[in-house]
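For reference, coords20.csv (CSV, C-alpha atoms):
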```csv
chain,number,residue,atom,x,y,z
A,1,MET,CA,106.0,83.8,142.7
A,2,ALA,CA,102.6,85.3,141.7
A,3,ALA,CA,100.4,83.5,139.2
A,4,GLU,CA,100.2,84.9,135.7
A,5,GLN,CA,96.9,84.7,133.8
A,6,GLU,CA,96.0,86.0,130.4
A,7,ASP,CA,93.2,85.0,128.0
A,8,GLY,CA,92.4,81.8,129.8
A,9,VAL,CA,96.1,80.7,130.0
A,10,LEU,CA,97.3,80.3,133.6
A,11,PHE,CA,101.0,80.0,134.7
A,12,ASN,CA,101.8,79.3,138.3
A,13,ASP,CA,105.1,77.9,139.7
A,14,GLY,CA,106.2,76.1,136.6
A,15,ARG,CA,102.7,74.8,135.7
A,16,LEU,CA,101.1,76.1,132.5
A,17,THR,CA,97.4,75.4,132.1
A,18,CYS,CA,95.8,76.0,128.7
A,19,ILE,CA,92.5,74.1,128.8
A,20,ALA,CA,89.8,74.4,126.2
A,21,GLN,CA,91.4,77.2,124.1
A,22,ASN,CA,90.4,75.6,120.8
A,23,TRP,CA,94.0,75.4,119.7
A,24,SER,CA,95.0,73.1,116.8
A,25,SER,CA,98.6,73.8,117.5
A,26,ILE,CA,100.6,75.6,120.3
A,27,PRO,CA,100.5,79.4,119.7
A,28,GLU,CA,103.9,81.0,119.1
A,29,ASP,CA,103.3,83.7,121.7
A,30,VAL,CA,102.6,81.1,124.4
A,31,ILE,CA,105.8,79.2,123.4
A,32,ARG,CA,107.9,82.4,123.5
A,33,GLN,CA,106.5,83.6,126.8
A,34,TYR,CA,106.4,80.3,128.8
A,35,GLY,CA,108.4,77.7,126.9
A,36,ASP,CA,111.7,77.6,128.9
A,37,ARG,CA,109.8,78.2,132.3
A,38,THR,CA,107.3,75.4,132.1
A,39,LYS,CA,107.7,72.0,133.8
A,40,ARG,CA,104.1,70.9,133.6
A,41,LEU,CA,102.0,71.7,130.6
A,42,ASP,CA,98.2,70.9,130.4
A,43,MET,CA,96.6,71.5,127.0
A,44,SER,CA,93.5,69.2,127.5
A,45,PHE,CA,90.2,69.8,125.7
A,46,ASN,CA,91.7,71.5,122.7
A,47,VAL,CA,91.8,70.3,119.0
A,48,LEU,CA,95.5,69.7,118.8
A,49,ARG,CA,96.6,67.8,115.7
A,50,ASP,CA,100.4,68.2,116.2
A,51,LEU,CA,102.9,69.2,118.8
A,52,SER,CA,105.0,71.6,116.8
A,53,GLY,CA,106.9,74.0,119.1
A,54,LEU,CA,107.0,71.5,122.0
A,55,GLU,CA,110.8,71.2,121.5
A,56,ARG,CA,111.1,74.8,123.0
A,57,PHE,CA,109.7,73.6,126.3
A,58,THR,CA,113.2,72.5,127.2
A,59,ASN,CA,112.5,71.9,130.9
A,60,LEU,CA,109.2,70.0,130.4
A,61,GLU,CA,108.6,67.1,132.8
A,62,GLU,CA,104.9,66.4,132.5
A,63,LEU,CA,102.6,66.8,129.5
A,64,VAL,CA,98.8,66.5,129.6
A,65,VAL,CA,97.0,66.5,126.2
A,66,ASP,CA,93.8,64.6,127.0
A,67,ASN,CA,90.8,65.1,124.7
A,68,ASN,CA,92.5,66.4,121.6
A,69,GLU,CA,92.9,65.1,118.0
A,70,LEU,CA,96.4,63.8,118.0
A,71,GLY,CA,96.7,60.9,115.6
A,72,ASP,CA,99.1,58.3,114.3
A,73,ASP,CA,101.4,60.9,112.8
A,74,VAL,CA,102.1,62.7,116.1
A,75,LYS,CA,105.8,63.3,116.7
A,76,PHE,CA,107.6,64.1,119.9
A,77,PRO,CA,110.8,66.2,120.0
A,78,ALA,CA,113.8,65.1,122.1
A,79,LEU,CA,113.1,66.2,125.6
A,80,SER,CA,115.4,64.7,128.2
A,81,SER,CA,113.3,65.5,131.3
A,82,LEU,CA,109.8,64.5,130.1
A,83,HIS,CA,108.8,61.6,132.3
A,84,THR,CA,105.0,61.7,132.1
A,85,ILE,CA,102.6,61.8,129.2
A,86,MET,CA,98.8,61.8,129.6
A,87,MET,CA,97.3,61.4,126.1
A,88,ASN,CA,93.9,60.0,126.8
A,89,LYS,CA,91.0,60.3,124.3
A,90,ASN,CA,92.8,61.3,121.2
A,91,ALA,CA,92.9,59.8,117.7
A,92,VAL,CA,95.7,57.3,117.8
A,93,ARG,CA,94.8,54.1,116.0
A,94,ASN,CA,98.1,52.5,115.3
A,95,ILE,CA,100.4,52.2,118.3
A,96,ASP,CA,103.7,51.5,116.5
A,97,GLY,CA,104.5,55.0,115.3
A,98,LEU,CA,103.9,56.5,118.7
A,99,LEU,CA,106.0,54.0,120.5
A,100,GLU,CA,108.8,54.5,118.0
A,101,THR,CA,109.0,58.3,118.4
A,102,VAL,CA,108.5,58.1,122.2
A,103,GLY,CA,111.2,55.4,122.6
A,104,LYS,CA,113.7,57.4,120.6
A,105,GLN,CA,113.0,60.9,121.9
A,106,LEU,CA,112.0,60.6,125.5
A,107,PRO,CA,114.6,58.5,127.5
A,108,ALA,CA,113.1,59.6,130.9
A,109,LEU,CA,109.5,58.5,130.2
A,110,ARG,CA,108.1,56.5,133.0
A,111,PHE,CA,104.4,57.3,133.0
A,112,LEU,CA,102.2,56.9,129.9
A,113,SER,CA,98.4,56.9,129.6
A,114,LEU,CA,96.6,56.3,126.3
A,115,LEU,CA,93.1,55.3,127.5
A,116,GLY,CA,90.3,56.2,125.1
A,117,ASN,CA,92.4,55.8,121.9
A,118,VAL,CA,91.5,53.1,119.4
A,119,ALA,CA,95.1,51.9,119.8
A,120,CYS,CA,94.5,51.1,123.4
A,121,PRO,CA,92.0,48.2,123.2
A,122,ASN,CA,89.8,48.4,126.3
A,123,GLU,CA,86.2,49.2,126.9
A,124,LEU,CA,86.8,52.9,126.7
A,125,SER,CA,87.7,52.6,123.0
A,126,SER,CA,85.3,49.8,122.0
A,127,SER,CA,82.7,47.7,123.7
A,128,GLU,CA,84.0,44.8,121.6
A,129,LYS,CA,87.3,44.7,123.5
A,130,ASP,CA,88.0,42.6,126.5
A,131,GLU,CA,90.6,42.1,129.1
A,132,ASP,CA,92.7,39.7,126.9
A,133,ASP,CA,92.9,42.4,124.2
A,134,TYR,CA,94.1,44.9,126.7
A,135,ARG,CA,96.6,42.5,128.3
A,136,ARG,CA,98.2,41.8,124.9
A,137,TYR,CA,98.4,45.6,124.3
A,138,ARG,CA,100.1,46.1,127.6
A,139,LEU,CA,102.7,43.4,127.0
A,140,TYR,CA,103.5,44.9,123.6
A,141,VAL,CA,103.9,48.4,124.9
A,142,LEU,CA,106.1,47.3,127.8
A,143,TYR,CA,108.2,45.3,125.4
A,144,LYS,CA,108.8,48.4,123.3
A,145,LEU,CA,109.1,50.8,126.3
A,146,PRO,CA,110.7,48.6,129.1
A,147,ASN,CA,111.4,51.5,131.4
A,148,LEU,CA,107.7,52.4,132.0
A,149,ARG,CA,106.6,52.2,135.6
A,150,PHE,CA,102.9,53.1,135.0
A,151,LEU,CA,100.8,52.4,131.9
A,152,ASP,CA,97.3,53.8,131.6
A,153,SER,CA,95.3,53.1,134.8
A,154,ARG,CA,97.8,50.9,136.7
A,155,SER,CA,101.4,50.4,137.7
A,156,VAL,CA,103.7,47.9,136.0
A,157,SER,CA,104.4,44.8,138.1
A,158,GLN,CA,107.7,42.8,138.0
A,159,LYS,CA,105.8,39.8,136.8
A,160,GLU,CA,104.2,41.8,133.9
A,161,ARG,CA,107.6,43.3,133.0
A,162,ALA,CA,109.2,39.8,132.8
A,163,GLU,CA,106.4,38.5,130.7
A,164,ALA,CA,106.7,41.4,128.3
A,165,LEU,CA,110.4,40.8,127.9
A,166,ARG,CA,109.7,37.1,127.1
A,167,SER,CA,106.6,37.3,124.8
A,168,GLY,CA,105.8,41.0,124.2
A,169,GLN,CA,107.2,41.1,120.7
A,170,PHE,CA,104.5,38.6,119.6
A,171,MET,CA,101.6,40.6,121.0
A,172,ARG,CA,101.4,43.3,118.3
A,173,VAL,CA,97.8,43.7,117.2
A,174,VAL,CA,97.0,44.1,113.5
A,175,ARG,CA,93.7,45.9,112.9
A,176,MET,CA,91.6,44.9,109.9
A,177,ASP,CA,89.8,48.2,109.2
A,178,ASP,CA,87.0,48.2,106.8
A,179,ASP,CA,87.9,51.6,105.4
A,180,ALA,CA,91.6,50.8,105.1
A,181,PRO,CA,92.9,50.7,101.5
A,182,ASP,CA,93.6,47.2,100.2
A,183,GLN,CA,97.3,47.0,99.4
A,184,GLY,CA,98.7,44.2,97.3
A,185,ARG,CA,95.3,42.5,97.4
A,186,PRO,CA,93.7,41.4,94.1
A,187,ARG,CA,90.4,43.1,93.5
A,188,ALA,CA,87.4,41.8,91.7
A,189,ARG,CA,87.0,43.7,88.4
A,190,THR,CA,85.4,43.3,85.0
A,191,SER,CA,87.5,42.3,82.1
A,192,GLU,CA,87.3,45.0,79.5
A,193,ALA,CA,88.0,42.6,76.7
A,194,SER,CA,85.5,39.9,77.5
A,195,GLY,CA,83.0,41.5,79.8
A,196,GLU,CA,83.4,38.5,82.2
A,197,ASP,CA,84.1,38.8,85.9
A,198,TYR,CA,87.8,38.9,86.5
A,199,THR,CA,89.4,36.2,88.8
A,200,PRO,CA,93.1,35.8,89.8
A,201,LEU,CA,92.8,32.0,89.6
A,202,PRO,CA,93.9,30.1,86.5
A,203,GLN,CA,91.0,29.4,84.1
A,204,THR,CA,91.2,25.7,84.9
A,205,LEU,CA,90.5,26.4,88.6
A,206,ALA,CA,88.1,29.3,88.2
A,207,ASN,CA,84.9,27.3,88.2
A,208,ALA,CA,83.1,26.3,91.4
A,209,GLY,CA,84.3,22.9,92.7
A,210,ASP,CA,87.6,23.1,90.9
A,211,HIS,CA,89.4,25.3,93.5
A,212,LYS,CA,92.3,24.0,95.5
A,213,GLY,CA,93.8,25.1,98.9
A,214,SER,CA,97.3,26.4,99.4
A,215,PHE,CA,99.5,27.2,102.3
A,216,GLY,CA,101.7,30.2,103.1
A,217,VAL,CA,103.3,32.3,105.9
A,218,CYS,CA,101.6,35.5,107.1
A,219,ARG,CA,103.8,38.4,108.2
A,220,TYR,CA,101.6,39.4,111.1
A,221,VAL,CA,100.0,38.1,114.2
A,222,TYR,CA,96.2,38.8,114.1
A,223,TYR,CA,94.3,38.9,117.4
A,224,GLY,CA,90.6,39.5,117.9
A,225,ARG,CA,88.0,38.7,120.4
A,226,HIS,CA,86.6,35.8,118.3
A,227,SER,CA,89.6,34.9,116.3
A,228,GLU,CA,91.2,31.9,118.2
A,229,GLY,CA,91.5,30.0,114.9
A,230,ASN,CA,93.0,32.9,112.9
A,231,ARG,CA,96.4,33.3,114.6
A,232,PHE,CA,99.6,33.2,112.5
A,233,ILE,CA,103.2,33.5,113.6
A,234,ARG,CA,105.6,35.4,111.5
A,235,ASN,CA,108.3,33.5,109.7
A,236,ARG,CA,111.2,34.9,111.7
A,237,ASP,CA,109.5,33.9,114.9
A,238,LEU,CA,109.5,30.2,114.1
```
Is it possible to express this structure as structure tokens?
Amino acid sequence: MAAEQEDGVLFNDGRLTCIAQNWSSIPEDVIRQYGDRTKRLDMSFNVLRDLSGLERFTNLEELVVDNNELGDDVKFPALSSLHTIMMNKNAVRNIDGLLETVGKQLPALRFLSLLGNVACPNELSSSEKDEDDYRRYRLYVLYKLPNLRFLDSRSVSQKERAEALRSGQFMRVVRMDDDAPDQGRPRARTSEASGEDYTPLPQTLANAGDHKGSFGVCRYVYYGRHSEGNRFIRNRDL
């Protein structure tokens, strides 16, 4: 079958290539013309922020969306044949939402690459990350998606799969972002009535030297490069 090319969009033998088209979403005319014929879709180097319309690519097997702007709210439709996703260098910061939608909607997924996203903690996303950070990330992803054969730049070994099954659920990384809103955390404020600095402590313990320590249980496991003394296990994991 002869290749079809129009306005920078190339279709050849089931492969649709739409690189650097400045798309923020998939155009309707492209969906209508190529959707049910496409097995491999490459939309790298666009500005995609969502994947609306992807559900109409009913025979899709491979999706390449490197270098876009897909974030934590990206949703995948149910596609029974999609086995490969290349989603490198996007804007995913929190891995949980992505793993949830992928796990539910894409039963055939075997190859996944997320290099260059903040959610994938290696040196491509931050010079502060090291191999231990990346190892914990891999174990958590493999725990959530146990059928993966290839993650990022390397295949999944049997040893790694067994370790993920055993301890992957404890490897979730909680990120302490400076610009994240403080939820449920008392903030320093000024009392309108007295003009004094507000403190959540009882008045008898508010003065320096009078404070006392307390113990509690944290809901999350926090991992960081220099945080060996700051690890907590969730209550249900004890």
_Contacts of Asn88 (chain A) at 8 Å (only C-alpha atoms; same-chain gap of 2+ positions) as a PyMOL selection string_ = chain A and resi 65-67+86+90+113-117
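CA of Asp50 (chain A) sits 18.5 Å away from CA of Tyr34 (chain A).
The spacing separating CA of Leu151 (chain A) from CA of Leu112 (chain A) amounts to 5.1 Å.
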*asked:* Show me the residues around (105.0, 61.7, 120.4) - criterion: an atom at most 7 Å away, all atoms listed in the file counted - as a VMD selection string.
replied: chain A and resid 74 to 76 98 101 to 102
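Counting only C-alpha atoms, Leu148 (chain A) has the following residues at most 10 Å away, ignoring those fewer than 6 positions along the same chain: A:His83, A:Thr84, A:Ala108, A:Leu109, A:Arg110, A:Phe111, A:Leu112, A:Val141, A:Leu142, A:Ser155, A:Val156, A:Arg161.
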*For each of A:Leu145, A:Ala3, A:Leu10, A:Val47, take the minimum atom-to-atom distance to Leu99 (chain A), counting all atoms listed in the file, then give the residue where this is smallest.*
A:Leu145
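Interatomic distance, CA of Glu62 (chain A) to CA of Arg172 (chain A): 27.3 Å.
The closest residue to Pro121 (chain A), picked from A:Arg93, A:Lys104, A:Arg166, A:Lys144 and counting only C-alpha atoms, is A:Arg93.
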*asked:* Counting all atoms listed in the file, which residue out of A:Ser80, A:Thr38, A:Ser167, A:Asn46 sits closest to Gln21 (chain A)?
replied: A:Asn46
*Excluding same-chain residues fewer than 5 positions from Ile26 (chain A), what lies within 10 Å of it counting all atoms listed in the file, as a list in words?*
Cys18, Ile31, Met43, Leu48, Arg49, Asp50, Leu51, Ser52, Gly53 and Leu54 of chain A
_Shell around Asn94 (chain A) at 8 Å using only C-alpha atoms, local window under 6 positions removed, as a ChimeraX atom specification_ = /A:72,118-119
With C-alpha atoms retained, export the selected residues as a compact mmCIF listing (two decimals), in the coordinates of the input.
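Once everything was written out, this is selection.txt:
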```
# COMPACT_ATOMS: atom_id res chain seq x y z
CA ASP A 72 99.10 58.30 114.30
CA VAL A 118 91.50 53.10 119.40
CA ALA A 119 95.10 51.90 119.80
```
Selection: 12 Å around Glu163 (chain A), all atoms listed in the file, excl. self and same-chain fewer than 5 positions, as a compact mmCIF listing (two decimals) with C-alpha atoms, keeping the file's coordinate frame:
```
# COMPACT_ATOMS: atom_id res chain seq x y z
CA ARG A 135 96.60 42.50 128.30
CA ARG A 136 98.20 41.80 124.90
CA ARG A 138 100.10 46.10 127.60
CA LEU A 139 102.70 43.40 127.00
CA TYR A 140 103.50 44.90 123.60
CA VAL A 141 103.90 48.40 124.90
CA LEU A 142 106.10 47.30 127.80
CA TYR A 143 108.20 45.30 125.40
CA PRO A 146 110.70 48.60 129.10
CA VAL A 156 103.70 47.90 136.00
CA SER A 157 104.40 44.80 138.10
CA GLN A 158 107.70 42.80 138.00
CA GLY A 168 105.80 41.00 124.20
CA GLN A 169 107.20 41.10 120.70
CA PHE A 170 104.50 38.60 119.60
CA MET A 171 101.60 40.60 121.00
```
*Of the candidates A:Asn68, A:Leu79, A:Phe57, A:Leu16, which one gets nearest to Gly35 (chain A) if we count all atoms listed in the file?*
A:Phe57
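Of the listed residues A:Thr58, A:Asn147, A:Gln33, A:Ser153, the one whose atoms come nearest to Asn122 (chain A) is A:Ser153, with distances taken using only C-alpha atoms.
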